[in-house]
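Peer 1: Below are the structure tokens for one structure; questions will follow.
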Amino acid sequence: MSVRRFVGANSRDAMRQVRAALGEDALILSNRTIAEGVEILAMADDEHQRLVPEPAAAAPAPTLAPRPAQPQQQPAAATMPPGMRQPPALPPAGFAAQRAAAYQRTQEEAAPPPPQPAAVDFAALGELLLGEMQGMRELLNRQITPAASADSGAGRLRQVLLLAGFGAHLCDEILAALPAELQHATVNDPAARAWLERQLAARLPVPADENDLLDEGGVLALVGPTGVGKTTTTAKLAARYVMRHGSGQVALLSTDSYRIGAHEQLRIYGRLLGVEVQALPAEAALDSVLAQLAGKRLVIIDTIGMSQRDQRLIGQIAQLGGTGHPVRLMLLLNAASHGDTLEEVVATYQRAARAAGSRLDDCIVTKSDEAARLGPVLDILIRHNLRLHYLSSGQQVPEDLHPASAPALVRQALAASQDSPFVAAGSSAPAAPGQRLEALSRGLLGHGRAMAAALDGLRREVDGFALLEAAWQLAALPRSLQGERLAALLAASPLSDAGLLLWGRAGALPGQTWQMPLLTLDALGRLQVRPWLAHQLPAGAAARLEWAGQQWPQADHLLPASPDAATLRALAAQGSAWLAAAKGNSRVDYLGERYSLQTLAEIAMPQASLHCRYRSHAMQLDLALLDVGLDAGRERGQHSGPWPLQAWFGQLHDIDGGRPPQQRFWLASSATAGEEGLLQQQTLLLRQLQSDDLVSLTGRAWLSLEGLFDPLQAELRLFLATGLAASASHLEQAEGDWAMDVRAQLLSLAGGRRQRSAQQQLDALLHLLAARDTLRQVAGSAAGVS
């Protein structure tokens with residue numbers, strides 16, 4: 001049977017290969033996701049027709065449910081290849097076999113003497129419908145993520161968040177990105193608690209510098225419900241300003257002419273602090289008073305306390321925004337209030353600010369000492385993206401006003417997680433139809449927060465990722481401008497320190513039109529994202545090494561193949577350590593004779609057993625060593641005899657036992673002698689293994705970029721493809737908490753639960769950047785409409 005295998009970077013690429021080779025009528029036998037991308041098994045339609053026997057004329061096979069297209073091409077169950085699955089557009093393979101079995105039974109029952117047509121048809125139709133229903137159930141179960149069960153790691157962590165006062169929607173958003181390493185975590189697992197703290201702290205908006213609010217100056221208006229503590233907080237803020245800048249440049253203004261003694265209370269604080277205090281009469285215009293205080297660097301307005309249900313609220317906010325002076329609104333929230341009350345307060349005040357043409361993005365939390373749980377107010381701040389500046393915890397001025405620290409607040413909130421008669425232990429009920437739009441909005445906001453957290457982690461931890469983002473933006477420009485703008489962008493970017501250079505092979509890769517760029521690793525062996533395109537480097541290996549020596553004098557080298565004589569001389573002149581990948585049939589000098597590395601592997605001395613990740617698998621690497629010589633072209637005039645170096649022989653064993661051992665060979669040299677030099681070569685060897693899939697990742701990204709943009713300028717396309725591949729490899733190899741968090745966030749955005757791999761990280765990075773562009777376009781369109 002002429003079954004052919006096609007492998008592509010994605011489903012579209014694989015299907016394009018199928019159509020090109022077998023035509024539009026090709027029969028898809030199976031498809032699955034593999035490490036290289038998507039694999040499709042297919043056969044030509046005419047070949048399939050020859051394999052399917054013609055039915056007997058006297059006993060035609062009964063006709064069951066019609067297929068969407070070409071029903072006569074469905075193979076009979078007796079000739080169906082093992083593992084046959086439907087193409088992606090049809091139901092999954094879970095019930096393809098059931099349909100085939102039902103069809104086979106109807107064929108057997110159709111043999112002479114012919115049965116009653118109605119009975120056979122109904123029986124077969126019943127079998128078919130049962131199979132279709134079961135398959136549809138499996139499909140829905142895969143596409144809709146159920147709520148975490150109570151005894152799972154996610155379920156236990158969800159209950160911790162609920163008992164701390166966080167809402168169900170935020171809990172689900174956070175736990176959607178639970179790393180695979182924590183799927184079975186317990187409540188008291190330190191790694192799980194630390195992960196929860198990181199996720200919440202990353203989402204909680206706080207200023208980078210606690211002094212930014214007061215140092216910026218301007219007019220600051222404190223707004224909020226009655227009794228939330230605006231007057232006391234006004235005095236606390238003024239006291240902090242006086243302690244930092246003195247009393248001459250700050251003034252206090254009270255607009256509360258309704259509450260008895262409100263003006264006098266603020267004047268008392270003003271006399272104690274030595275600052276100017278003014279009271280706004282009931283009918284006076286606010287802009288005239290602000291004009292009198294224009295010489296003050298900071299003016300703090302203590303406004304009238306108003307319930308979120310007070311009809312005068314919009315008028316008050318409009319008065320603050322219509323003064324002709326820019327007024328920064330600061331919402332005060334009572335930490336001891338119920339979550340539903342806080343939700344109503346924030347939503348109402350933000351709507352009033354928008355109606356008045358203002359913004360309400362800043363917040364101070366009061367009465368934190370009276371709150372049993374901080375979870376509700378932190379949940380509100382996260383979901384409404386309110387920047388928290390201070391936390392007030394008492395009446396003392398200014399001692400009881402503390403700058404907001406996201407990690408400390410999150411730890412305090414989780415520490416209060418305990419049983420409560422007001423928190424249900426079970427999962428929340430399904431949303432009513434009228435709540436679907438609200439749920440969609442929450443989902444989009446949740447995705448936005450996850451995207452922001454993932455991007456922040458990548459920018460902070462992956463050297464050069466911000467440059468890759470800037471280059472990604474160039475893809476939206478006309479093709480004629482892309483190369484010029486990329487050159488200007490790279491010329492303006494600073495040179496990063498590099499400890500190791502990863503060279504691509506000379507010439508274009510097989511089947512490609514591009515040559516693998518140069519990549520660098522930092523002193524800790526972490527891959528840097530900024531590629532150096534090969535055609536922009538000096539011509540010739542020796543010239544490139546000389547250029548690299550000027551850029552990074554202390555860097556070592558990873559070579560794609562055994563060096564020639566000119567390269568060896570250049571490396572020796574620099575005194576750099578180097579390691580080159582070699583083949584088993586590569587010949588070296590040993591005791592005056594020439595042998596292949598494969599032959600010498602039998603006598604090499606065992607050296608070390610190391611653990612590493614190779615092509616997304618945990619591997620054990622058993623190393624052996626032999627001192628050899630490399631006769632690089634026999635240029636006796638330049639060098640007498642073979643160059644002394646070390647040959648390394650490696651056996652890669654899959655720790656999980658799922659793959660056969662692999663034999664690898666390397667040649668290496670280092671200026672440092674003895675054990676230290678050998679340890680240096682082992683480090684280089686591990687770095688080479690970790691980067692072994694960069695070429696295939698770059699090719700995968702190269703193909704994927706074709707479908708995301710209009711035709712890209714070749715240099716920009718290769719820069720992006722290599723940068724994305726390097727980012728994916730860096731992320732897959734990294735083992736810190738930040739990497740675990742970002743991998744989980746990317747996986748939740750891409751919507752899947754696959755085995756951790758560099759290919760997975762690459763696809764998720766493409767999804768992240770494309771989704772960010774889409775959200776920006778939507779936001780821009782919405783702004784234009786409004």
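Ordered as shown in the structure tokens, chains take letters A, B, and onward, while each chain numbers its residues from 1 and ligands are numbered from 1 in the order shown.
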Just the residues within 8 Å of stretch 291-307 of chain A, please, counting only C-alpha atoms, with nothing from its chain fewer than 2 positions along; format it as a ChimeraX atom specification.
Peer 2: /A:214,217-228,230-231,234,238,248-258,287-289,309-310,312-313,345
Peer 1: Take the selection from the previous step and output its residues with C-alpha atoms, as a tab-separated table (two decimals), in the first residue's frame.
Peer 2:
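File written: out24.tsv
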chain	number	residue	atom	x	y	z
A	214	LEU	CA	4.46	62.91	45.89
A	217	GLY	CA	3.36	67.03	42.54
A	218	GLY	CA	0.31	68.58	40.90
A	219	VAL	CA	-3.26	68.47	42.15
A	220	LEU	CA	-4.31	65.26	43.89
A	221	ALA	CA	-7.98	64.68	44.77
A	222	LEU	CA	-8.91	61.95	47.25
A	223	VAL	CA	-12.32	60.47	46.46
A	224	GLY	CA	-14.32	57.64	47.94
A	225	PRO	CA	-17.36	56.70	50.04
A	226	THR	CA	-18.24	58.33	53.33
A	227	GLY	CA	-16.11	57.23	56.28
A	228	VAL	CA	-13.36	55.64	54.23
A	230	LYS	CA	-10.08	60.62	53.24
A	231	THR	CA	-9.34	63.43	55.72
A	234	THR	CA	-4.92	63.67	53.34
A	238	ALA	CA	0.87	65.89	53.52
A	248	GLY	CA	6.35	75.52	51.93
A	249	GLN	CA	5.28	73.82	48.68
A	250	VAL	CA	2.20	71.88	49.81
A	251	ALA	CA	-1.37	73.05	50.44
A	252	LEU	CA	-4.53	71.27	51.62
A	253	LEU	CA	-8.00	72.01	50.29
A	254	SER	CA	-11.28	70.76	51.76
A	255	THR	CA	-14.45	70.66	49.65
A	256	ASP	CA	-16.49	68.96	52.39
A	257	SER	CA	-18.92	71.66	53.46
A	258	TYR	CA	-21.62	69.17	54.50
A	287	ASP	CA	-11.02	76.50	39.66
A	288	SER	CA	-10.67	79.93	41.31
A	289	VAL	CA	-9.24	78.41	44.49
A	309	ARG	CA	-25.23	55.08	44.81
A	310	ASP	CA	-25.42	58.84	45.38
A	312	ARG	CA	-24.51	63.60	42.98
A	313	LEU	CA	-21.37	61.51	42.46
A	345	VAL	CA	-17.58	51.26	44.44
Peer 1: From stretch 524-733 of chain A, collect each residue whose DSSP state is alpha helix (DSSP H) and return the set as a PyMOL selection string.
Peer 2: chain A and resi 541-551+565-574+597-600+674-690+694-708+714-733
Peer 1: Do a neighbour search on stretch 712-715 of chain A at 9 Å with only C-alpha atoms, toss out local chain neighbours closer than 5 positions, and write the hits as a list of chain:residue names.
Peer 2: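 Close residues of stretch 712-715 of chain A: A:Ala475, A:Pro478, A:Arg479, A:Ser480, A:Leu481, A:Gln482, A:Gly483, A:Leu486, A:Trp514, A:Leu533, A:Leu705, A:Glu706, A:Leu720.
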Peer 1: Report, in Å to a single decimal, how far apart atom CA of A:Ser616 and atom CA of A:Glu39 are.
Peer 2: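 Computing it gives 18.2 Å between the two atoms.
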Peer 1: Can you pull out every residue within 7 Å of stretch 454-468 of chain A, counting only C-alpha atoms, but drop anything in the same chain fewer than 5 positions away, and send it as an mmCIF file with N, CA and C atoms, in the first residue's frame?
Peer 2:
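As a result, result15.cif now contains:
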data_model
loop_
_atom_site.group_PDB
_atom_site.id
_atom_site.type_symbol
_atom_site.label_atom_id
_atom_site.label_comp_id
_atom_site.auth_asym_id
_atom_site.auth_seq_id
_atom_site.Cartn_x
_atom_site.Cartn_y
_atom_site.Cartn_z
ATOM 1 N N GLN A 528 21.567 34.218 24.267
ATOM 2 C CA GLN A 528 21.103 35.578 24.027
ATOM 3 C C GLN A 528 20.350 35.630 22.707
ATOM 4 N N VAL A 529 19.397 36.534 22.621
ATOM 5 C CA VAL A 529 18.427 36.503 21.530
ATOM 6 C C VAL A 529 18.928 37.224 20.282
ATOM 7 N N ARG A 530 19.844 38.151 20.404
ATOM 8 C CA ARG A 530 20.246 38.978 19.275
ATOM 9 C C ARG A 530 21.075 38.163 18.274
ATOM 10 N N LEU A 720 14.044 37.627 12.825
ATOM 11 C CA LEU A 720 12.941 37.245 13.704
ATOM 12 C C LEU A 720 12.927 35.744 13.947
ATOM 13 N N GLY A 723 15.817 34.867 16.288
ATOM 14 C CA GLY A 723 15.566 35.398 17.631
ATOM 15 C C GLY A 723 14.485 34.632 18.360
ATOM 16 N N TRP A 738 11.127 31.788 37.382
ATOM 17 C CA TRP A 738 10.588 32.675 36.348
ATOM 18 C C TRP A 738 10.284 31.878 35.082
ATOM 19 N N VAL A 742 6.671 31.491 33.227
ATOM 20 C CA VAL A 742 6.441 31.966 31.864
ATOM 21 C C VAL A 742 6.013 30.816 30.958
ATOM 22 N N GLN A 745 2.407 30.257 31.672
ATOM 23 C CA GLN A 745 1.572 31.340 31.140
ATOM 24 C C GLN A 745 1.430 31.229 29.629
ATOM 25 N N LEU A 746 2.520 30.929 28.946
ATOM 26 C CA LEU A 746 2.455 30.772 27.487
ATOM 27 C C LEU A 746 1.584 29.587 27.103
#
Peer 1: Considering only C-alpha atoms, return as JSON, numbers by chain whatever protein or nucleic-acid residues lie within 9 Å of A:Leu597, sequence-local ones (same chain, fewer than 2 positions apart) excluded.
Peer 2: {"A": [582, 583, 584, 585, 586, 587, 588, 595, 599, 600, 601, 647, 649, 665]}
Peer 1: With only C-alpha atoms as the basis for distance, which of A:Gln536, A:Gln607, A:Gln159, A:Asn188 is at the shortest distance from A:Leu175?
Peer 2: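 Of A:Gln536, A:Gln607, A:Gln159, A:Asn188, the one nearest A:Leu175, counting only C-alpha atoms, is A:Gln159.
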Peer 1: My list of candidates is A:Ala9, A:Ala21, A:Leu237, A:Ala180. Which is closest to A:Val38 when distances are computed with only C-alpha atoms?
Peer 2: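 Answer, going by the shortest atom-to-atom distance: A:Ala9.
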Peer 1: I'd like to know which of A:Ala14, A:Ala570, A:Leu200, A:Leu626 is closest to A:Trp547, using only C-alpha atoms.
Peer 2: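 Closest to A:Trp547 of all the choices is A:Ala570.
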Peer 1: Would you mind listing what lies within 7 Å of stretch 554-567 of chain A as a ChimeraX atom specification, with only C-alpha atoms counted and same-chain residues fewer than 6 positions away left out?
Peer 2: /A:498-505,541-542,576-582,632-633,688
Peer 1: Could you please determine the separation between atom CA of A:Pro281 and atom CA of A:Tyr269 in Å, to one decimal place?
Peer 2: 19.2 Å
Peer 1: How many Å separate atom CA of A:Arg569 from atom CA of A:Ser669?
Peer 2: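 Going from atom CA of A:Arg569 over to atom CA of A:Ser669 covers 12.4 Å.
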Peer 1: Quick one: of A:Gln550, A:Asn10, A:Ser405, A:Ser757, who's nearest to A:Glu210, counting only C-alpha atoms?
Peer 2: A:Ser405
Peer 1: Smallest atom-to-atom distance to A:Gly650: which of A:Pro606, A:Gly549, A:Gly629, A:Gly674, using only C-alpha atoms?
Peer 2: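 Checking each candidate against A:Gly650, we get A:Pro606 as the closest.
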